[in-house]
Structure formats: structure tokens, C-alpha cells
>>> print(open('model06.cif').read())   # mmCIF, N, CA, C and O atoms
data_target
#
loop_
_atom_site.group_PDB
_atom_site.id
_atom_site.type_symbol
_atom_site.label_atom_id
_atom_site.label_comp_id
_atom_site.auth_asym_id
_atom_site.auth_seq_id
_atom_site.Cartn_x
_atom_site.Cartn_y
_atom_site.Cartn_z
ATOM 1 N N MET A 1 8.459 16.202 48.677
ATOM 2 C CA MET A 1 7.180 15.784 48.134
ATOM 3 C C MET A 1 7.369 14.864 46.918
ATOM 4 O O MET A 1 6.643 13.898 46.769
ATOM 5 N N ILE A 2 8.352 15.206 46.087
ATOM 6 C CA ILE A 2 8.616 14.387 44.891
ATOM 7 C C ILE A 2 9.140 13.017 45.306
ATOM 8 O O ILE A 2 8.768 12.006 44.713
ATOM 9 N N LYS A 3 9.968 12.986 46.343
ATOM 10 C CA LYS A 3 10.507 11.707 46.809
ATOM 11 C C LYS A 3 9.390 10.790 47.313
ATOM 12 O O LYS A 3 9.421 9.580 47.075
ATOM 13 N N ILE A 4 8.388 11.364 47.968
ATOM 14 C CA ILE A 4 7.247 10.567 48.433
ATOM 15 C C ILE A 4 6.463 10.029 47.247
ATOM 16 O O ILE A 4 6.068 8.862 47.225
ATOM 17 N N LEU A 5 6.246 10.862 46.235
ATOM 18 C CA LEU A 5 5.535 10.436 45.033
ATOM 19 C C LEU A 5 6.274 9.307 44.329
ATOM 20 O O LEU A 5 5.666 8.310 43.928
ATOM 21 N N ILE A 6 7.581 9.433 44.209
ATOM 22 C CA ILE A 6 8.384 8.389 43.568
ATOM 23 C C ILE A 6 8.305 7.096 44.381
ATOM 24 O O ILE A 6 8.183 5.999 43.824
ATOM 25 N N SER A 7 8.343 7.218 45.717
ATOM 26 C CA SER A 7 8.243 6.030 46.577
ATOM 27 C C SER A 7 6.896 5.331 46.398
ATOM 28 O O SER A 7 6.829 4.101 46.349
ATOM 29 N N VAL A 8 5.826 6.110 46.299
ATOM 30 C CA VAL A 8 4.498 5.532 46.069
ATOM 31 C C VAL A 8 4.458 4.821 44.721
ATOM 32 O O VAL A 8 3.895 3.727 44.598
ATOM 33 N N LEU A 9 5.077 5.416 43.711
ATOM 34 C CA LEU A 9 5.114 4.774 42.387
ATOM 35 C C LEU A 9 5.919 3.472 42.418
ATOM 36 O O LEU A 9 5.548 2.503 41.761
ATOM 37 N N ILE A 10 6.996 3.436 43.174
ATOM 38 C CA ILE A 10 7.800 2.213 43.281
ATOM 39 C C ILE A 10 6.992 1.112 43.958
ATOM 40 O O ILE A 10 6.964 -0.037 43.490
ATOM 41 N N ILE A 11 6.319 1.451 45.050
ATOM 42 C CA ILE A 11 5.482 0.459 45.734
ATOM 43 C C ILE A 11 4.337 0.024 44.822
ATOM 44 O O ILE A 11 4.018 -1.161 44.736
ATOM 45 N N GLY A 12 3.733 0.989 44.115
ATOM 46 C CA GLY A 12 2.665 0.663 43.175
ATOM 47 C C GLY A 12 3.142 -0.239 42.058
ATOM 48 O O GLY A 12 2.430 -1.151 41.643
ATOM 49 N N LEU A 13 4.354 -0.004 41.568
ATOM 50 C CA LEU A 13 4.924 -0.844 40.515
ATOM 51 C C LEU A 13 5.115 -2.277 41.008
ATOM 52 O O LEU A 13 4.815 -3.241 40.303
ATOM 53 N N PHE A 14 5.591 -2.420 42.235
ATOM 54 C CA PHE A 14 5.772 -3.754 42.811
ATOM 55 C C PHE A 14 4.431 -4.476 42.919
ATOM 56 O O PHE A 14 4.294 -5.623 42.482
ATOM 57 N N LEU A 15 3.436 -3.802 43.504
ATOM 58 C CA LEU A 15 2.115 -4.421 43.650
ATOM 59 C C LEU A 15 1.480 -4.702 42.290
ATOM 60 O O LEU A 15 0.851 -5.743 42.093
ATOM 61 N N TYR A 16 1.632 -3.783 41.352
ATOM 62 C CA TYR A 16 1.102 -3.962 40.004
ATOM 63 C C TYR A 16 1.674 -5.232 39.372
ATOM 64 O O TYR A 16 0.942 -6.042 38.802
ATOM 65 N N SER A 17 2.991 -5.401 39.485
ATOM 66 C CA SER A 17 3.623 -6.570 38.855
ATOM 67 C C SER A 17 3.174 -7.874 39.516
ATOM 68 O O SER A 17 3.055 -8.892 38.845
ATOM 69 N N LYS A 18 2.919 -7.834 40.833
ATOM 70 C CA LYS A 18 2.482 -9.043 41.528
ATOM 71 C C LYS A 18 1.016 -9.371 41.251
ATOM 72 O O LYS A 18 0.630 -10.540 41.217
ATOM 73 N N LEU A 19 0.179 -8.342 41.078
ATOM 74 C CA LEU A 19 -1.254 -8.560 40.906
ATOM 75 C C LEU A 19 -1.690 -8.710 39.450
ATOM 76 O O LEU A 19 -2.802 -9.155 39.188
ATOM 77 N N LEU A 20 -0.845 -8.341 38.518
ATOM 78 C CA LEU A 20 -1.212 -8.379 37.101
ATOM 79 C C LEU A 20 -1.755 -9.741 36.654
ATOM 80 O O LEU A 20 -2.793 -9.797 35.990
ATOM 81 N N PRO A 21 -1.141 -10.859 37.029
ATOM 82 C CA PRO A 21 -1.690 -12.151 36.589
ATOM 83 C C PRO A 21 -3.061 -12.473 37.202
ATOM 84 O O PRO A 21 -3.782 -13.316 36.689
ATOM 85 N N TYR A 22 -3.410 -11.808 38.295
ATOM 86 C CA TYR A 22 -4.649 -12.114 39.015
ATOM 87 C C TYR A 22 -5.660 -10.974 38.952
ATOM 88 O O TYR A 22 -6.583 -10.927 39.756
ATOM 89 N N LYS A 23 -5.508 -10.059 38.010
ATOM 90 C CA LYS A 23 -6.349 -8.862 37.978
ATOM 91 C C LYS A 23 -7.834 -9.185 37.832
ATOM 92 O O LYS A 23 -8.672 -8.440 38.334
ATOM 93 N N ASP A 24 -8.179 -10.274 37.197
ATOM 94 C CA ASP A 24 -9.587 -10.632 37.011
ATOM 95 C C ASP A 24 -10.229 -11.165 38.289
ATOM 96 O O ASP A 24 -11.449 -11.190 38.399
ATOM 97 N N ARG A 25 -9.416 -11.571 39.248
ATOM 98 C CA ARG A 25 -9.946 -12.157 40.483
ATOM 99 C C ARG A 25 -9.935 -11.186 41.661
ATOM 100 O O ARG A 25 -10.307 -11.565 42.764
ATOM 101 N N LEU A 26 -9.523 -9.938 41.448
ATOM 102 C CA LEU A 26 -9.480 -8.958 42.532
ATOM 103 C C LEU A 26 -10.891 -8.520 42.913
ATOM 104 O O LEU A 26 -11.758 -8.397 42.046
ATOM 105 N N ASN A 27 -11.099 -8.258 44.212
ATOM 106 C CA ASN A 27 -12.405 -7.724 44.603
ATOM 107 C C ASN A 27 -12.451 -6.229 44.262
ATOM 108 O O ASN A 27 -11.442 -5.640 43.865
ATOM 109 N N ASN A 28 -13.615 -5.618 44.390
ATOM 110 C CA ASN A 28 -13.810 -4.246 43.918
ATOM 111 C C ASN A 28 -12.872 -3.244 44.571
ATOM 112 O O ASN A 28 -12.389 -2.325 43.911
ATOM 113 N N LYS A 29 -12.623 -3.382 45.867
ATOM 114 C CA LYS A 29 -11.753 -2.437 46.576
ATOM 115 C C LYS A 29 -10.352 -2.443 45.973
ATOM 116 O O LYS A 29 -9.791 -1.394 45.659
ATOM 117 N N TYR A 30 -9.793 -3.610 45.799
ATOM 118 C CA TYR A 30 -8.425 -3.717 45.304
ATOM 119 C C TYR A 30 -8.345 -3.562 43.787
ATOM 120 O O TYR A 30 -7.314 -3.166 43.258
ATOM 121 N N ARG A 31 -9.428 -3.846 43.097
ATOM 122 C CA ARG A 31 -9.464 -3.619 41.654
ATOM 123 C C ARG A 31 -9.331 -2.127 41.350
ATOM 124 O O ARG A 31 -8.697 -1.731 40.385
ATOM 125 N N GLY A 32 -9.899 -1.282 42.220
ATOM 126 C CA GLY A 32 -9.774 0.165 42.045
ATOM 127 C C GLY A 32 -8.334 0.621 42.166
ATOM 128 O O GLY A 32 -7.868 1.441 41.364
ATOM 129 N N PHE A 33 -7.611 0.107 43.169
ATOM 130 C CA PHE A 33 -6.196 0.436 43.309
ATOM 131 C C PHE A 33 -5.404 -0.062 42.108
ATOM 132 O O PHE A 33 -4.550 0.652 41.571
ATOM 133 N N PHE A 34 -5.703 -1.282 41.688
ATOM 134 C CA PHE A 34 -5.002 -1.848 40.537
ATOM 135 C C PHE A 34 -5.259 -1.008 39.293
ATOM 136 O O PHE A 34 -4.331 -0.696 38.549
ATOM 137 N N ASN A 35 -6.505 -0.643 39.058
ATOM 138 C CA ASN A 35 -6.838 0.149 37.876
ATOM 139 C C ASN A 35 -6.184 1.523 37.904
ATOM 140 O O ASN A 35 -5.793 2.050 36.859
ATOM 141 N N PHE A 36 -6.044 2.112 39.106
ATOM 142 C CA PHE A 36 -5.357 3.401 39.228
ATOM 143 C C PHE A 36 -3.917 3.277 38.735
ATOM 144 O O PHE A 36 -3.457 4.070 37.914
ATOM 145 N N PHE A 37 -3.206 2.283 39.236
ATOM 146 C CA PHE A 37 -1.813 2.104 38.813
ATOM 147 C C PHE A 37 -1.726 1.610 37.376
ATOM 148 O O PHE A 37 -0.764 1.917 36.670
ATOM 149 N N ASN A 38 -2.714 0.872 36.921
ATOM 150 C CA ASN A 38 -2.733 0.420 35.534
ATOM 151 C C ASN A 38 -2.823 1.605 34.575
ATOM 152 O O ASN A 38 -2.167 1.606 33.534
ATOM 153 N N THR A 39 -3.631 2.612 34.925
ATOM 154 C CA THR A 39 -3.732 3.804 34.060
ATOM 155 C C THR A 39 -2.424 4.583 34.023
ATOM 156 O O THR A 39 -2.154 5.270 33.041
ATOM 157 N N ILE A 40 -1.622 4.462 35.064
ATOM 158 C CA ILE A 40 -0.319 5.130 35.073
ATOM 159 C C ILE A 40 0.719 4.320 34.309
ATOM 160 O O ILE A 40 1.430 4.854 33.449
ATOM 161 N N PHE A 41 0.811 3.029 34.611
ATOM 162 C CA PHE A 41 1.912 2.221 34.090
ATOM 163 C C PHE A 41 1.682 1.681 32.678
ATOM 164 O O PHE A 41 2.639 1.527 31.922
ATOM 165 N N GLU A 42 0.461 1.364 32.316
ATOM 166 C CA GLU A 42 0.194 0.739 31.007
ATOM 167 C C GLU A 42 0.691 1.595 29.831
ATOM 168 O O GLU A 42 1.375 1.068 28.943
ATOM 169 N N PRO A 43 0.404 2.908 29.786
ATOM 170 C CA PRO A 43 0.938 3.706 28.666
ATOM 171 C C PRO A 43 2.465 3.766 28.663
ATOM 172 O O PRO A 43 3.091 3.761 27.598
ATOM 173 N N ILE A 44 3.065 3.803 29.848
ATOM 174 C CA ILE A 44 4.527 3.843 29.938
ATOM 175 C C ILE A 44 5.115 2.540 29.415
ATOM 176 O O ILE A 44 6.072 2.546 28.628
ATOM 177 N N PHE A 45 4.532 1.421 29.821
ATOM 178 C CA PHE A 45 5.026 0.120 29.356
ATOM 179 C C PHE A 45 4.848 -0.036 27.850
ATOM 180 O O PHE A 45 5.737 -0.563 27.170
ATOM 181 N N ASN A 46 3.714 0.411 27.324
ATOM 182 C CA ASN A 46 3.497 0.305 25.881
ATOM 183 C C ASN A 46 4.521 1.118 25.108
ATOM 184 O O ASN A 46 5.013 0.677 24.067
ATOM 185 N N LEU A 47 4.863 2.297 25.607
ATOM 186 C CA LEU A 47 5.884 3.122 24.951
ATOM 187 C C LEU A 47 7.257 2.468 25.056
ATOM 188 O O LEU A 47 8.001 2.402 24.066
ATOM 189 N N MET A 48 7.573 1.957 26.226
ATOM 190 C CA MET A 48 8.892 1.352 26.435
ATOM 191 C C MET A 48 9.061 0.063 25.636
ATOM 192 O O MET A 48 10.181 -0.253 25.229
ATOM 193 N N LYS A 49 7.975 -0.681 25.405
ATOM 194 C CA LYS A 49 8.075 -1.945 24.663
ATOM 195 C C LYS A 49 8.494 -1.732 23.215
ATOM 196 O O LYS A 49 8.979 -2.649 22.568
ATOM 197 N N ARG A 50 8.315 -0.522 22.726
ATOM 198 C CA ARG A 50 8.783 -0.229 21.359
ATOM 199 C C ARG A 50 10.298 -0.233 21.281
ATOM 200 O O ARG A 50 10.879 -0.533 20.238
ATOM 201 N N PHE A 51 10.960 0.129 22.381
ATOM 202 C CA PHE A 51 12.415 0.273 22.387
ATOM 203 C C PHE A 51 13.132 -0.840 23.140
ATOM 204 O O PHE A 51 14.289 -1.141 22.854
ATOM 205 N N ILE A 52 12.458 -1.432 24.110
ATOM 206 C CA ILE A 52 13.089 -2.453 24.951
ATOM 207 C C ILE A 52 12.445 -3.803 24.650
ATOM 208 O O ILE A 52 11.269 -4.012 24.906
ATOM 209 N N LYS A 53 13.217 -4.680 24.105
ATOM 210 C CA LYS A 53 12.726 -6.005 23.742
ATOM 211 C C LYS A 53 12.904 -6.964 24.921
ATOM 212 O O LYS A 53 13.781 -6.773 25.756
ATOM 213 N N PRO A 54 12.085 -8.013 24.980
ATOM 214 C CA PRO A 54 12.247 -9.012 26.047
ATOM 215 C C PRO A 54 13.633 -9.655 26.001
ATOM 216 O O PRO A 54 14.220 -9.843 24.940
ATOM 217 N N PHE A 55 14.150 -9.961 27.174
ATOM 218 C CA PHE A 55 15.474 -10.572 27.311
ATOM 219 C C PHE A 55 15.313 -12.080 27.396
ATOM 220 O O PHE A 55 14.629 -12.586 28.285
ATOM 221 N N GLN A 56 15.936 -12.776 26.460
ATOM 222 C CA GLN A 56 15.806 -14.228 26.424
ATOM 223 C C GLN A 56 16.715 -14.864 27.477
ATOM 224 O O GLN A 56 17.918 -14.618 27.508
ATOM 225 N N VAL A 57 16.108 -15.668 28.342
ATOM 226 C CA VAL A 57 16.858 -16.306 29.430
ATOM 227 C C VAL A 57 16.905 -17.824 29.286
ATOM 228 O O VAL A 57 17.499 -18.501 30.124
ATOM 229 N N GLY A 58 16.290 -18.344 28.251
ATOM 230 C CA GLY A 58 16.297 -19.782 28.023
ATOM 231 C C GLY A 58 15.589 -20.100 26.720
ATOM 232 O O GLY A 58 15.127 -19.213 26.012
ATOM 233 N N ALA A 59 15.492 -21.372 26.421
ATOM 234 C CA ALA A 59 14.824 -21.804 25.197
ATOM 235 C C ALA A 59 13.329 -21.520 25.309
ATOM 236 O O ALA A 59 12.628 -22.123 26.118
ATOM 237 N N GLY A 60 12.862 -20.573 24.537
ATOM 238 C CA GLY A 60 11.452 -20.201 24.554
ATOM 239 C C GLY A 60 11.023 -19.464 25.809
ATOM 240 O O GLY A 60 9.837 -19.370 26.097
ATOM 241 N N LEU A 61 11.968 -18.915 26.566
ATOM 242 C CA LEU A 61 11.668 -18.231 27.817
ATOM 243 C C LEU A 61 12.353 -16.870 27.815
ATOM 244 O O LEU A 61 13.575 -16.780 27.644
ATOM 245 N N SER A 62 11.548 -15.828 27.951
ATOM 246 C CA SER A 62 12.112 -14.481 27.972
ATOM 247 C C SER A 62 11.453 -13.651 29.068
ATOM 248 O O SER A 62 10.351 -13.960 29.527
ATOM 249 N N VAL A 63 12.143 -12.604 29.496
ATOM 250 C CA VAL A 63 11.685 -11.736 30.576
ATOM 251 C C VAL A 63 11.387 -10.362 30.004
ATOM 252 O O VAL A 63 12.199 -9.787 29.280
ATOM 253 N N ASP A 64 10.207 -9.824 30.354
ATOM 254 C CA ASP A 64 9.838 -8.474 29.957
ATOM 255 C C ASP A 64 10.651 -7.493 30.797
ATOM 256 O O ASP A 64 10.510 -7.443 32.020
ATOM 257 N N MET A 65 11.508 -6.743 30.160
ATOM 258 C CA MET A 65 12.437 -5.869 30.872
ATOM 259 C C MET A 65 11.860 -4.488 31.179
ATOM 260 O O MET A 65 12.497 -3.711 31.880
ATOM 261 N N THR A 66 10.662 -4.174 30.690
ATOM 262 C CA THR A 66 10.136 -2.815 30.869
ATOM 263 C C THR A 66 9.921 -2.476 32.338
ATOM 264 O O THR A 66 10.217 -1.357 32.759
ATOM 265 N N GLN A 67 9.430 -3.408 33.136
ATOM 266 C CA GLN A 67 9.207 -3.128 34.548
ATOM 267 C C GLN A 67 10.523 -2.919 35.285
ATOM 268 O O GLN A 67 10.628 -2.055 36.157
ATOM 269 N N ILE A 68 11.532 -3.675 34.927
ATOM 270 C CA ILE A 68 12.843 -3.538 35.560
ATOM 271 C C ILE A 68 13.474 -2.200 35.183
ATOM 272 O O ILE A 68 14.021 -1.499 36.042
ATOM 273 N N VAL A 69 13.385 -1.828 33.928
ATOM 274 C CA VAL A 69 13.940 -0.546 33.486
ATOM 275 C C VAL A 69 13.211 0.612 34.153
ATOM 276 O O VAL A 69 13.842 1.575 34.606
ATOM 277 N N LEU A 70 11.883 0.524 34.254
ATOM 278 C CA LEU A 70 11.126 1.575 34.923
ATOM 279 C C LEU A 70 11.513 1.664 36.394
ATOM 280 O O LEU A 70 11.663 2.764 36.934
ATOM 281 N N LEU A 71 11.702 0.543 37.055
ATOM 282 C CA LEU A 71 12.132 0.544 38.451
ATOM 283 C C LEU A 71 13.489 1.225 38.595
ATOM 284 O O LEU A 71 13.689 2.046 39.494
ATOM 285 N N ILE A 72 14.416 0.904 37.735
ATOM 286 C CA ILE A 72 15.743 1.528 37.778
ATOM 287 C C ILE A 72 15.631 3.031 37.573
ATOM 288 O O ILE A 72 16.273 3.815 38.287
ATOM 289 N N LEU A 73 14.808 3.456 36.614
ATOM 290 C CA LEU A 73 14.621 4.892 36.379
ATOM 291 C C LEU A 73 14.016 5.588 37.594
ATOM 292 O O LEU A 73 14.460 6.678 37.981
ATOM 293 N N LEU A 74 13.017 4.973 38.212
ATOM 294 C CA LEU A 74 12.403 5.570 39.396
ATOM 295 C C LEU A 74 13.385 5.648 40.552
ATOM 296 O O LEU A 74 13.413 6.650 41.283
ATOM 297 N N LEU A 75 14.211 4.631 40.729
ATOM 298 C CA LEU A 75 15.229 4.660 41.786
ATOM 299 C C LEU A 75 16.262 5.740 41.528
ATOM 300 O O LEU A 75 16.703 6.440 42.461
ATOM 301 N N MET A 76 16.652 5.913 40.272
ATOM 302 C CA MET A 76 17.624 6.959 39.932
ATOM 303 C C MET A 76 17.032 8.344 40.178
ATOM 304 O O MET A 76 17.702 9.227 40.731
ATOM 305 N N ILE A 77 15.781 8.535 39.801
ATOM 306 C CA ILE A 77 15.117 9.822 40.036
ATOM 307 C C ILE A 77 14.970 10.071 41.523
ATOM 308 O O ILE A 77 15.167 11.193 42.006
ATOM 309 N N SER A 78 14.657 9.031 42.273
ATOM 310 C CA SER A 78 14.505 9.160 43.725
ATOM 311 C C SER A 78 15.815 9.590 44.373
ATOM 312 O O SER A 78 15.799 10.370 45.327
ATOM 313 N N ASN A 79 16.928 9.106 43.877
ATOM 314 C CA ASN A 79 18.233 9.483 44.436
ATOM 315 C C ASN A 79 18.622 10.921 44.114
ATOM 316 O O ASN A 79 19.467 11.493 44.798
ATOM 317 N N LEU A 80 18.022 11.498 43.082
ATOM 318 C CA LEU A 80 18.315 12.896 42.748
ATOM 319 C C LEU A 80 17.693 13.868 43.739
ATOM 320 O O LEU A 80 18.181 14.987 43.906
ATOM 321 N N PHE A 81 16.609 13.429 44.401
ATOM 322 C CA PHE A 81 15.897 14.339 45.316
ATOM 323 C C PHE A 81 16.121 13.991 46.750
ATOM 324 O O PHE A 81 16.444 13.043 47.217
#
>>> encode(input="model06.cif", output="C-alpha cells")
Amino acid sequence: MIKILISVLIIGLFLYSKLLPYKDRLNNKYRGFFNFFNTIFEPIFNLMKRFIKPFQVGAGLSVDMTQIVLLILLLMISNLF
């Protein structure tokens, strides 16, 4: 059961990261799904941003590492079960 929950969170994290730039243009059905995952991931990301700084990959260009770190953690937890 835990492995299924972790798998749903991984898929939700992927969809969340893809839809985040377009959240204002989602229709009501998909906005509900987005908001569900947003209530889960937003507090986690805010907490992680205190400890994990963006990784600079170029001049004035950096990558937010919180989603990648969360994905790695979820994959590690999934392998435990």
C-alpha cells in the first residue's frame, strides 16, 4: 500500500512540475488535481528551500533542486518497501 502511495506521489510530482508554469490556464477539472498536489508539495518545497539552494548552471541561470531532491527521496523510500 505504501509503495502505491509513493508511486502516486512520484507521478503527481512529475505532473506538478510540468503544469506549474501553466497553473492559471488549467480548466476546473485539472485545477482541482493540481491544487491537491500543490497542497502536498508546496509546504515540502518551502521547507526544503531553506536548506537546498538553487544550483547555478550558467551565467544568471540556476536550477531549483528541491524537486529533484524530493524525487530522489521518494525513489529511495519506494525501494525500501
>>> axis_aligned_box(input="model06.cif", around="segment 11-17 of chain A", padding_each_side="8 Å", output="JSON")
{"center_x": 3.6, "center_y": -3.7, "center_z": 42.3, "size_x": 21.5, "size_y": 26.3, "size_z": 22.9}
>>> atom_distance(input="model06.cif", atom1="atom CA of Ile10 of chain A", atom2="atom CA of Val69 of chain A")
11.9 Å
>>> resolve_selection(input="model06.cif", expression="the PyMOL selection byres ((chain A and resi 78) around 8)", output="ChimeraX atom specification")
/A:2-4,6-7,71-77,79-81
>>> select_by_dssp(input="model06.cif", residues="chain A", states="strand (DSSP E or B)", output="PyMOL selection string")
chain A and resi 55-58+61-63
>>> closest_residue(input="model06.cif", among="A:Phe45, A:Tyr16, A:Met1, A:Arg50", to="Thr66 of chain A", atoms="only C-alpha atoms")
A:Phe45
>>> atom_distance(input="model06.cif", atom1="atom CA of Leu13 of chain A", atom2="atom O of Leu70 of chain A")
8.4 Å
>>> select_by_dssp(input="model06.cif", residues="chain A", states="alpha helix (DSSP H)", output="ChimeraX atom specification")
/A:2-19,28-49,66-80
>>> atom_distance(input="model06.cif", atom1="atom N of Phe33 of chain A", atom2="atom N of Ser17 of chain A")
12.5 Å
>>> resolve_selection(input="model06.cif", expression="the PyMOL selection byres (((chain A and resi 62-64 and name CA) around 12) and name CA)", output="number ranges by chain")
A: 17, 45-46, 48-61, 65-70
>>> build_atoms(input="model06.cif", residues="segment 44-53 of chain A", atoms="all heavy atoms", output="PDB file, in the frame of the given file")
ATOM      1  N   ILE A  44       3.065   3.803  29.848  1.00  0.00           N
ATOM      2  CA  ILE A  44       4.527   3.843  29.938  1.00  0.00           C
ATOM      3  C   ILE A  44       5.115   2.540  29.415  1.00  0.00           C
ATOM      4  O   ILE A  44       6.072   2.546  28.628  1.00  0.00           O
ATOM      5  CB  ILE A  44       4.975   4.095  31.397  1.00  0.00           C
ATOM      6  CG1 ILE A  44       4.513   5.481  31.854  1.00  0.00           C
ATOM      7  CG2 ILE A  44       6.483   3.964  31.527  1.00  0.00           C
ATOM      8  CD1 ILE A  44       4.688   5.729  33.338  1.00  0.00           C
ATOM      9  N   PHE A  45       4.532   1.421  29.821  1.00  0.00           N
ATOM     10  CA  PHE A  45       5.026   0.120  29.356  1.00  0.00           C
ATOM     11  C   PHE A  45       4.848  -0.036  27.850  1.00  0.00           C
ATOM     12  O   PHE A  45       5.737  -0.563  27.170  1.00  0.00           O
ATOM     13  CB  PHE A  45       4.333  -1.030  30.078  1.00  0.00           C
ATOM     14  CG  PHE A  45       4.671  -1.128  31.538  1.00  0.00           C
ATOM     15  CD1 PHE A  45       3.738  -1.568  32.443  1.00  0.00           C
ATOM     16  CD2 PHE A  45       5.926  -0.791  32.009  1.00  0.00           C
ATOM     17  CE1 PHE A  45       4.033  -1.665  33.793  1.00  0.00           C
ATOM     18  CE2 PHE A  45       6.247  -0.881  33.348  1.00  0.00           C
ATOM     19  CZ  PHE A  45       5.296  -1.328  34.243  1.00  0.00           C
ATOM     20  N   ASN A  46       3.714   0.411  27.324  1.00  0.00           N
ATOM     21  CA  ASN A  46       3.497   0.305  25.881  1.00  0.00           C
ATOM     22  C   ASN A  46       4.521   1.118  25.108  1.00  0.00           C
ATOM     23  O   ASN A  46       5.013   0.677  24.067  1.00  0.00           O
ATOM     24  CB  ASN A  46       2.078   0.753  25.522  1.00  0.00           C
ATOM     25  CG  ASN A  46       1.040  -0.255  25.952  1.00  0.00           C
ATOM     26  OD1 ASN A  46       1.326  -1.433  26.126  1.00  0.00           O
ATOM     27  ND2 ASN A  46      -0.180   0.216  26.150  1.00  0.00           N
ATOM     28  N   LEU A  47       4.863   2.297  25.607  1.00  0.00           N
ATOM     29  CA  LEU A  47       5.884   3.122  24.951  1.00  0.00           C
ATOM     30  C   LEU A  47       7.257   2.468  25.056  1.00  0.00           C
ATOM     31  O   LEU A  47       8.001   2.402  24.066  1.00  0.00           O
ATOM     32  CB  LEU A  47       5.907   4.516  25.586  1.00  0.00           C
ATOM     33  CG  LEU A  47       6.956   5.471  25.055  1.00  0.00           C
ATOM     34  CD1 LEU A  47       6.649   5.843  23.604  1.00  0.00           C
ATOM     35  CD2 LEU A  47       7.022   6.714  25.916  1.00  0.00           C
ATOM     36  N   MET A  48       7.573   1.957  26.226  1.00  0.00           N
ATOM     37  CA  MET A  48       8.892   1.352  26.435  1.00  0.00           C
ATOM     38  C   MET A  48       9.061   0.063  25.636  1.00  0.00           C
ATOM     39  O   MET A  48      10.181  -0.253  25.229  1.00  0.00           O
ATOM     40  CB  MET A  48       9.111   1.079  27.927  1.00  0.00           C
ATOM     41  CG  MET A  48       9.252   2.338  28.759  1.00  0.00           C
ATOM     42  SD  MET A  48       9.344   2.003  30.525  1.00  0.00           S
ATOM     43  CE  MET A  48      10.990   1.313  30.650  1.00  0.00           C
ATOM     44  N   LYS A  49       7.975  -0.681  25.405  1.00  0.00           N
ATOM     45  CA  LYS A  49       8.075  -1.945  24.663  1.00  0.00           C
ATOM     46  C   LYS A  49       8.494  -1.732  23.215  1.00  0.00           C
ATOM     47  O   LYS A  49       8.979  -2.649  22.568  1.00  0.00           O
ATOM     48  CB  LYS A  49       6.753  -2.705  24.726  1.00  0.00           C
ATOM     49  CG  LYS A  49       6.530  -3.374  26.059  1.00  0.00           C
ATOM     50  CD  LYS A  49       5.223  -4.123  26.104  1.00  0.00           C
ATOM     51  CE  LYS A  49       5.027  -4.699  27.500  1.00  0.00           C
ATOM     52  NZ  LYS A  49       3.770  -5.417  27.639  1.00  0.00           N
ATOM     53  N   ARG A  50       8.315  -0.522  22.726  1.00  0.00           N
ATOM     54  CA  ARG A  50       8.783  -0.229  21.359  1.00  0.00           C
ATOM     55  C   ARG A  50      10.298  -0.233  21.281  1.00  0.00           C
ATOM     56  O   ARG A  50      10.879  -0.533  20.238  1.00  0.00           O
ATOM     57  CB  ARG A  50       8.275   1.141  20.919  1.00  0.00           C
ATOM     58  CG  ARG A  50       6.793   1.229  20.764  1.00  0.00           C
ATOM     59  CD  ARG A  50       6.401   2.600  20.307  1.00  0.00           C
ATOM     60  NE  ARG A  50       4.952   2.749  20.348  1.00  0.00           N
ATOM     61  CZ  ARG A  50       4.330   3.887  20.179  1.00  0.00           C
ATOM     62  NH1 ARG A  50       5.019   4.984  19.947  1.00  0.00           N
ATOM     63  NH2 ARG A  50       3.026   3.941  20.228  1.00  0.00           N
ATOM     64  N   PHE A  51      10.960   0.129  22.381  1.00  0.00           N
ATOM     65  CA  PHE A  51      12.415   0.273  22.387  1.00  0.00           C
ATOM     66  C   PHE A  51      13.132  -0.840  23.140  1.00  0.00           C
ATOM     67  O   PHE A  51      14.289  -1.141  22.854  1.00  0.00           O
ATOM     68  CB  PHE A  51      12.796   1.623  23.023  1.00  0.00           C
ATOM     69  CG  PHE A  51      12.120   2.791  22.368  1.00  0.00           C
ATOM     70  CD1 PHE A  51      11.059   3.425  22.987  1.00  0.00           C
ATOM     71  CD2 PHE A  51      12.521   3.242  21.128  1.00  0.00           C
ATOM     72  CE1 PHE A  51      10.422   4.494  22.395  1.00  0.00           C
ATOM     73  CE2 PHE A  51      11.889   4.308  20.514  1.00  0.00           C
ATOM     74  CZ  PHE A  51      10.839   4.937  21.148  1.00  0.00           C
ATOM     75  N   ILE A  52      12.458  -1.432  24.110  1.00  0.00           N
ATOM     76  CA  ILE A  52      13.089  -2.453  24.951  1.00  0.00           C
ATOM     77  C   ILE A  52      12.445  -3.803  24.650  1.00  0.00           C
ATOM     78  O   ILE A  52      11.269  -4.012  24.906  1.00  0.00           O
ATOM     79  CB  ILE A  52      12.923  -2.105  26.444  1.00  0.00           C
ATOM     80  CG1 ILE A  52      13.539  -0.737  26.734  1.00  0.00           C
ATOM     81  CG2 ILE A  52      13.539  -3.187  27.306  1.00  0.00           C
ATOM     82  CD1 ILE A  52      13.213  -0.207  28.112  1.00  0.00           C
ATOM     83  N   LYS A  53      13.217  -4.680  24.105  1.00  0.00           N
ATOM     84  CA  LYS A  53      12.726  -6.005  23.742  1.00  0.00           C
ATOM     85  C   LYS A  53      12.904  -6.964  24.921  1.00  0.00           C
ATOM     86  O   LYS A  53      13.781  -6.773  25.756  1.00  0.00           O
ATOM     87  CB  LYS A  53      13.486  -6.545  22.521  1.00  0.00           C
ATOM     88  CG  LYS A  53      13.342  -5.664  21.292  1.00  0.00           C
ATOM     89  CD  LYS A  53      11.896  -5.544  20.879  1.00  0.00           C
ATOM     90  CE  LYS A  53      11.751  -4.624  19.685  1.00  0.00           C
ATOM     91  NZ  LYS A  53      10.426  -4.095  19.539  1.00  0.00           N
TER      92      LYS A  53
END
